[in-house]
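Okay, start.txt is below, compact mmCIF, C-alpha atoms:
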```txt
# COMPACT_ATOMS: atom_id res chain seq x y z
CA MET A 211 65.62 207.15 147.08
CA GLY A 212 61.84 207.48 147.07
CA VAL A 213 61.60 204.44 144.82
CA ASP A 214 63.62 202.42 147.35
CA ILE A 215 61.30 203.34 150.22
CA ALA A 216 58.28 202.54 148.04
CA PHE A 217 59.82 199.17 147.15
CA TRP A 218 60.37 198.21 150.79
CA ILE A 219 56.86 199.23 151.83
CA LEU A 220 55.28 197.40 148.89
CA ALA A 221 57.45 194.33 149.44
CA VAL A 222 56.47 194.10 153.12
CA VAL A 223 52.78 194.62 152.29
CA GLY A 224 52.92 192.07 149.47
CA VAL A 225 54.68 189.38 151.47
CA GLY A 226 52.43 190.00 154.47
CA ALA A 227 49.32 189.74 152.33
CA ALA A 228 50.64 186.57 150.68
CA LEU A 229 51.29 185.04 154.11
CA ALA A 230 47.77 186.02 155.15
CA VAL A 231 46.36 184.25 152.07
CA VAL A 232 47.84 180.93 153.13
CA SER A 233 47.47 181.33 156.89
CA LEU A 234 44.02 182.86 157.53
CA ARG A 235 41.32 180.33 158.30
CA ASP A 236 38.50 182.35 156.79
CA VAL A 237 38.45 181.80 153.00
CA PHE A 238 36.78 185.13 152.37
CA ARG A 239 39.43 187.02 154.31
CA SER A 240 42.20 185.24 152.47
CA ALA A 241 40.55 186.30 149.19
CA LEU A 242 40.62 189.91 150.41
CA SER A 243 44.30 189.52 151.35
CA LEU A 244 44.89 188.19 147.86
CA ILE A 245 43.46 191.42 146.45
CA LEU A 246 45.82 193.41 148.70
CA CYS A 247 48.72 191.31 147.42
CA PHE A 248 47.70 191.99 143.80
CA LEU A 249 47.64 195.72 144.54
CA ALA A 250 51.09 195.53 146.10
CA VAL A 251 52.36 193.71 143.01
CA ALA A 252 50.90 196.50 140.85
CA GLY A 253 52.86 198.99 142.96
CA ILE A 254 55.99 196.89 142.47
CA TYR A 255 55.44 197.17 138.71
CA ILE A 256 55.29 200.94 139.06
CA THR A 257 58.62 200.96 140.93
CA LEU A 258 59.99 198.95 137.98
CA SER A 259 58.62 201.71 135.68
CA ALA A 260 56.23 199.29 133.97
CA ASP A 261 53.25 201.64 133.94
CA PHE A 262 51.13 199.79 131.38
CA LEU A 263 51.62 196.50 133.19
CA ALA A 264 50.57 198.06 136.50
CA ALA A 265 47.32 199.28 134.94
CA VAL A 266 46.70 195.86 133.37
CA GLN A 267 47.44 194.19 136.71
CA ILE A 268 44.84 196.31 138.48
CA LEU A 269 42.28 195.84 135.70
CA ILE A 270 42.65 192.08 135.29
CA TYR A 271 43.70 190.81 138.70
CA VAL A 272 42.10 193.27 141.10
CA GLY A 273 39.11 193.91 138.86
CA ALA A 274 38.26 190.58 137.27
CA ILE A 275 40.06 187.60 138.80
CA SER A 276 39.38 188.54 142.43
CA VAL A 277 35.68 189.08 141.63
CA LEU A 278 35.59 185.60 140.05
CA ILE A 279 37.27 184.08 143.10
CA ILE A 280 34.90 185.80 145.53
CA LEU A 281 31.95 184.69 143.39
CA ALA A 282 33.18 181.10 143.54
CA ILE A 283 33.60 181.35 147.32
CA MET A 284 30.01 182.59 147.62
CA LEU A 285 28.69 179.85 145.34
CA THR A 286 30.37 176.98 147.13
CA ARG A 287 29.29 177.89 150.68
CA GLU A 288 32.43 176.35 152.04
CA VAL A 289 33.27 179.52 154.00
CA ARG A 290 32.19 178.26 157.41
CA ARG A 291 34.56 175.33 157.18
CA GLY A 292 37.51 177.63 156.64
CA SER A 293 40.65 176.57 154.86
CA PRO A 294 42.24 173.90 157.02
CA SER A 295 45.65 172.55 156.17
CA GLY A 296 45.96 168.97 155.05
CA LYS A 297 48.14 166.22 156.45
CA LEU A 298 51.01 167.37 154.26
CA ARG A 299 51.46 170.68 156.06
CA ILE A 300 54.94 170.06 157.47
CA PRO A 301 56.35 168.43 154.30
CA ALA A 302 54.88 171.24 152.22
CA PHE A 303 56.54 173.80 154.49
CA ILE A 304 59.86 171.98 154.19
CA VAL A 305 59.53 171.80 150.40
CA ALA A 306 58.72 175.52 150.18
CA VAL A 307 61.65 176.49 152.42
CA LEU A 308 64.04 174.23 150.50
CA PHE A 309 62.82 175.69 147.22
CA PHE A 310 63.31 179.22 148.48
CA GLY A 311 66.78 178.37 149.80
CA GLY A 312 67.81 176.86 146.48
CA VAL A 313 66.50 179.74 144.42
CA ALA A 314 67.98 182.38 146.73
CA PHE A 315 71.36 180.62 146.74
CA ALA A 316 71.35 180.39 142.95
CA LEU A 317 70.39 183.97 142.26
CA LEU A 318 72.67 185.49 144.86
CA ASN A 319 75.64 183.59 143.42
CA THR A 320 74.95 184.60 139.83
CA THR A 321 76.64 187.67 138.42
CA TRP A 322 73.85 189.40 136.52
CA GLN A 323 74.81 191.56 133.58
CA VAL A 324 72.85 194.55 134.81
CA SER A 325 72.52 197.24 132.19
CA GLY A 326 72.88 200.80 133.39
CA ALA A 327 70.56 202.25 130.78
CA PRO A 328 67.59 204.23 132.13
CA PRO A 329 64.18 202.58 131.77
CA LEU A 330 61.92 203.32 128.84
CA GLU A 331 59.05 205.64 129.72
CA PRO A 332 56.20 205.52 128.85
CA THR A 333 56.17 201.85 127.96
CA THR A 334 52.81 201.64 126.18
CA PRO A 335 53.96 202.60 122.62
CA ALA A 336 56.96 200.28 122.85
CA ILE A 337 54.80 197.37 124.04
CA ALA A 338 52.30 198.02 121.23
CA GLU A 339 55.17 198.05 118.74
CA LEU A 340 56.45 194.74 120.14
CA LEU A 341 53.02 193.10 120.14
CA PHE A 342 51.69 194.22 116.78
CA GLY A 343 54.72 195.49 114.87
CA GLU A 344 56.94 193.87 112.29
CA GLY A 345 58.92 190.94 113.70
CA GLY A 346 57.11 191.14 117.02
CA PHE A 347 54.79 188.82 118.87
CA ILE A 348 51.90 188.95 116.42
CA LEU A 349 51.45 185.15 116.21
CA PRO A 350 51.01 184.72 120.00
CA VAL A 351 48.66 187.70 119.96
CA GLU A 352 46.60 185.89 117.34
CA ILE A 353 46.63 182.66 119.37
CA VAL A 354 45.48 184.40 122.58
CA PRO A 355 41.86 184.98 121.37
CA ILE A 356 41.56 181.28 120.53
CA LEU A 357 42.71 180.40 124.04
CA LEU A 358 40.28 182.90 125.57
CA LEU A 359 37.43 181.63 123.41
CA ALA A 360 38.20 178.05 124.44
CA ALA A 361 38.32 179.10 128.10
CA ILE A 362 35.00 180.96 127.87
CA LEU A 363 33.28 178.06 126.12
CA GLY A 364 34.79 175.57 128.55
CA ALA A 365 33.63 177.56 131.57
CA ILE A 366 30.10 177.90 130.15
CA VAL A 367 29.86 174.19 129.34
CA LEU A 368 31.21 173.18 132.76
CA VAL A 369 28.83 175.24 134.88
CA ARG A 370 25.73 174.95 132.67
CA GLU A 371 22.66 173.44 134.30
CA LYS A 372 21.79 170.16 132.65
CA MET B 252 72.28 199.85 149.62
CA SER B 253 69.92 200.84 146.86
CA VAL B 254 67.32 198.45 145.56
CA GLY B 255 68.54 196.36 142.63
CA LEU B 256 67.69 193.29 140.62
CA GLU B 257 68.46 190.87 143.45
CA HIS B 258 65.90 192.49 145.74
CA TYR B 259 63.12 192.01 143.23
CA LEU B 260 64.19 188.43 142.53
CA ILE B 261 64.28 187.59 146.25
CA LEU B 262 60.84 189.14 146.69
CA SER B 263 59.61 187.08 143.77
CA ALA B 264 61.13 183.91 145.26
CA ILE B 265 59.52 184.62 148.66
CA ILE B 266 56.04 185.10 147.17
CA PHE B 267 56.49 182.03 144.95
CA SER B 268 57.49 179.91 147.96
CA ILE B 269 54.48 181.11 149.94
CA GLY B 270 52.25 180.19 147.00
CA LEU B 271 53.96 176.79 146.70
CA TYR B 272 53.36 176.11 150.40
CA GLY B 273 49.71 177.09 150.06
CA ALA B 274 49.17 175.00 146.94
CA LEU B 275 50.71 171.91 148.56
CA SER B 276 49.23 172.15 152.04
CA LYS B 277 45.70 173.52 151.72
CA ARG B 278 42.58 171.40 151.42
CA ASN B 279 40.14 173.97 150.06
CA ALA B 280 40.32 173.91 146.26
CA ILE B 281 39.67 177.66 145.96
CA VAL B 282 42.55 178.46 148.31
CA ILE B 283 44.79 176.22 146.20
CA LEU B 284 43.74 178.21 143.12
CA MET B 285 44.52 181.45 144.96
CA SER B 286 47.96 180.11 145.85
CA ILE B 287 48.58 179.33 142.18
CA GLU B 288 47.66 182.94 141.38
CA LEU B 289 50.27 184.05 143.93
CA MET B 290 52.88 181.93 142.18
CA LEU B 291 51.98 183.39 138.77
CA ASN B 292 52.28 186.91 140.18
CA ALA B 293 55.69 186.09 141.62
CA VAL B 294 56.86 184.90 138.21
CA ASN B 295 55.55 188.12 136.67
CA ILE B 296 57.57 190.19 139.14
CA ALA B 297 60.70 188.28 138.16
CA MET B 298 59.93 188.77 134.44
CA VAL B 299 59.43 192.52 134.78
CA ALA B 300 62.52 192.87 136.99
CA PHE B 301 64.67 191.08 134.41
CA SER B 302 63.16 193.25 131.70
CA ARG B 303 63.92 196.41 133.67
CA TYR B 304 67.47 195.61 134.75
CA ILE B 305 68.97 193.35 132.07
CA VAL B 306 67.42 194.71 128.84
CA PRO B 307 65.78 198.03 129.80
CA LEU B 308 65.08 199.01 126.20
CA ALA B 309 63.70 195.71 124.84
CA LEU B 310 60.62 195.21 127.12
CA THR B 311 60.39 191.53 126.16
CA GLY B 312 59.84 190.55 129.78
CA GLN B 313 56.82 192.80 130.02
CA VAL B 314 55.29 191.20 126.92
CA PHE B 315 55.87 187.80 128.52
CA ALA B 316 54.16 189.05 131.68
CA ILE B 317 51.14 190.15 129.62
CA PHE B 318 50.85 186.67 128.10
CA ILE B 319 51.18 185.10 131.55
CA MET B 320 48.30 187.30 132.73
CA VAL B 321 46.14 186.17 129.79
CA VAL B 322 46.81 182.51 130.53
CA ALA B 323 46.19 183.09 134.24
CA ALA B 324 42.82 184.68 133.51
CA ALA B 325 41.80 181.75 131.30
CA GLU B 326 43.05 179.30 133.94
CA VAL B 327 41.06 180.98 136.71
CA ALA B 328 37.85 180.96 134.65
CA VAL B 329 38.12 177.27 133.78
CA GLY B 330 39.45 176.28 137.22
CA LEU B 331 36.63 177.95 139.10
CA ALA B 332 34.10 176.44 136.68
CA ILE B 333 35.54 173.00 137.41
CA ILE B 334 35.41 173.67 141.16
CA ILE B 335 31.77 174.81 141.00
CA SER B 336 30.90 171.78 138.88
CA ILE B 337 32.56 169.45 141.40
CA TYR B 338 30.73 171.19 144.24
CA ARG B 339 27.41 170.59 142.50
CA HIS B 340 28.06 166.89 142.19
CA ARG B 341 29.78 166.11 145.48
CA GLU B 342 28.76 168.94 147.84
CA THR B 343 32.38 169.55 148.82
CA ILE B 344 35.50 171.21 147.49
CA ASP B 345 37.84 169.55 149.98
CA VAL B 346 40.54 168.11 147.74
CA THR B 347 41.14 165.20 150.12
CA LYS B 348 37.54 164.08 149.57
CA ILE B 349 37.58 164.46 145.78
CA ASP B 350 39.14 161.05 145.18
CA LEU B 351 37.24 159.60 142.23
CA LEU B 352 40.46 158.56 140.54
CA LYS B 353 41.81 156.86 143.64
CA TRP B 354 41.65 153.05 143.51
```
I need this file expressed as structure tokens, please.
Amino acid sequence: MGVDIAFWILAVVGVGAALAVVSLRDVFRSALSLILCFLAVAGIYITLSADFLAAVQILIYVGAISVLIILAIMLTREVRRGSPSGKLRIPAFIVAVLFFGGVAFALLNTTWQVSGAPPLEPTTPAIAELLFGEGGFILPVEIVPILLLAAILGAIVLVREK
Amino acid sequence: MSVGLEHYLILSAIIFSIGLYGALSKRNAIVILMSIELMLNAVNIAMVAFSRYIVPLALTGQVFAIFIMVVAAAEVAVGLAIIISIYRHRETIDVTKIDLLKW
């Protein structure tokens, strides 16, 4: 019961923060709303009993990505102009609503094979076993550092002063 | 009615649609990047919900969500670097004015 109440509160906060991200005119305030939305998503993970993922969400999204975004907002000095909508505002709204309608129709008319088993807790050892263990995801784990290295080098090269 | 898989999927679809609207309609490149982050988060919610309700003991969805987070972090770093680089050259990050490839 408590999980249900937590879900509804977090869902309302998350959707409200997401709406604020796309509707506020001040870019800085929409970045702060984005942080609130990330926190709400971390709470949603906790209601799904994904404890490790909630911690990672807070560390990476709330800790790192939002700082990067705020830094970029500061560096580009575009704050005073706000975030106006383009000419495609109405078509974009229609596309988004149509997309949501299609997805909602599809997933409400599917009979999901929900398993009644209780969730695994804590999840960290199981995730470690999946990532590094025999027959797990060790190849993607090995590829990830290459991607991160490429991203770091790319970012340095792009913003370097000539 | 207790909260089930459909609730999480609808929540995910709502946040994804909001992000889609923002990515299509906004003119500030940073706000577009933020909208893309919203969409990635929505997908993560759906992944974790599937992992929790369909295969509660396999956790594959959570591993997928971790990889999505890694790719999102790399994407944000490179995307913001590109935006800052464009701002240095053209003094704007309004995507309607960045039209070098337009004939």
Quick one: residues within 9 Å of Val322 (chain B), only C-alpha atoms counted, chain neighbours fewer than 5 positions away excluded, as a ChimeraX atom specification? /A:354,357-358 /B:317,327
Selection above as a file: C-alpha atoms, as a short mmCIF file (atom, residue, chain, number, x, y, z; two decimals), in the coordinates of the input:
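File written: again.cif
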```cif
data_model
loop_
_atom_site.label_atom_id
_atom_site.label_comp_id
_atom_site.auth_asym_id
_atom_site.auth_seq_id
_atom_site.Cartn_x
_atom_site.Cartn_y
_atom_site.Cartn_z
CA VAL A 354 45.48 184.40 122.58
CA LEU A 357 42.71 180.40 124.04
CA LEU A 358 40.28 182.90 125.57
CA ILE B 317 51.14 190.15 129.62
CA VAL B 327 41.06 180.98 136.71
#
```
Quick one, how far is CA of Val231 (chain A) from CA of Ser243 (chain A)?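 Answer for the CA of Val231 (chain A) to CA of Ser243 (chain A) separation: 5.7 Å.
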Closest atom pairs, chain B residues within 6 Å of chain A, all atoms listed in the file, as a tab-separated table:
```
residue	atom	partner	partner_atom	distance
B:Val254	CA	A:Asp214	CA	5.7
B:Ser268	CA	A:Ala306	CA	5.1
B:Tyr272	CA	A:Ala306	CA	5.4
B:Gly273	CA	A:Val232	CA	5.3
B:Leu275	CA	A:Ala302	CA	5.6
B:Ser276	CA	A:Arg299	CA	4.8
B:Lys277	CA	A:Ser295	CA	4.6
B:Arg278	CA	A:Gly296	CA	5.5
B:Asn279	CA	A:Ser293	CA	5.5
B:Tyr304	CA	A:Val324	CA	5.5
B:Ile305	CA	A:Val324	CA	4.9
B:Pro307	CA	A:Pro329	CA	5.2
B:Leu308	CA	A:Leu330	CA	6.0
B:Ala325	CA	A:Ala361	CA	5.4
B:Val329	CA	A:Ala365	CA	5.0
B:Ala332	CA	A:Ala365	CA	5.3
B:Ser336	CA	A:Val369	CA	5.7
```
Output C-alpha atoms of each residue in that selection to a file, as a CSV table (one decimal), in the frame of the given file.
```csv
chain,number,residue,atom,x,y,z
B,254,VAL,CA,67.3,198.4,145.6
B,268,SER,CA,57.5,179.9,148.0
B,272,TYR,CA,53.4,176.1,150.4
B,273,GLY,CA,49.7,177.1,150.1
B,275,LEU,CA,50.7,171.9,148.6
B,276,SER,CA,49.2,172.2,152.0
B,277,LYS,CA,45.7,173.5,151.7
B,278,ARG,CA,42.6,171.4,151.4
B,279,ASN,CA,40.1,174.0,150.1
B,304,TYR,CA,67.5,195.6,134.8
B,305,ILE,CA,69.0,193.4,132.1
B,307,PRO,CA,65.8,198.0,129.8
B,308,LEU,CA,65.1,199.0,126.2
B,325,ALA,CA,41.8,181.8,131.3
B,329,VAL,CA,38.1,177.3,133.8
B,332,ALA,CA,34.1,176.4,136.7
B,336,SER,CA,30.9,171.8,138.9
```
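For the set A:Leu242, A:Ile256, A:Ile356, A:Leu220, the residue with the smallest atom-to-atom gap to Ala300 (chain B) is A:Ile256, counting all atoms listed in the file.
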Between CA of Ile245 (chain A) and CA of Met290 (chain B), what is the spacing in Å? 14.0 Å
Point-to-point distance from CA of Val346 (chain B) to CA of Ala280 (chain B), Å rounded to tenths: 6.0 Å
Would you pick out the contacts of Ala316 (chain B) at 7 Å or less, using all atoms listed in the file, so that residues sharing its chain but fewer than 4 positions from it are not included, and give the list as a VMD selection string? chain B and resid 295 298 312 320
Would you list the contacts of Val299 (chain B) as a ChimeraX atom specification, taking every protein, DNA or RNA residue within 6 Å and counting only C-alpha atoms, but skipping same-chain residues closer than 3 positions in sequence? /B:296,302,312-313
Out of A:Gly273, A:Ile268, A:Glu339, A:Asp261, which residue has the shortest atom-to-atom distance to Arg303 (chain B) when counting only C-alpha atoms?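 Smallest separation from Arg303 (chain B) among the options: A:Asp261.
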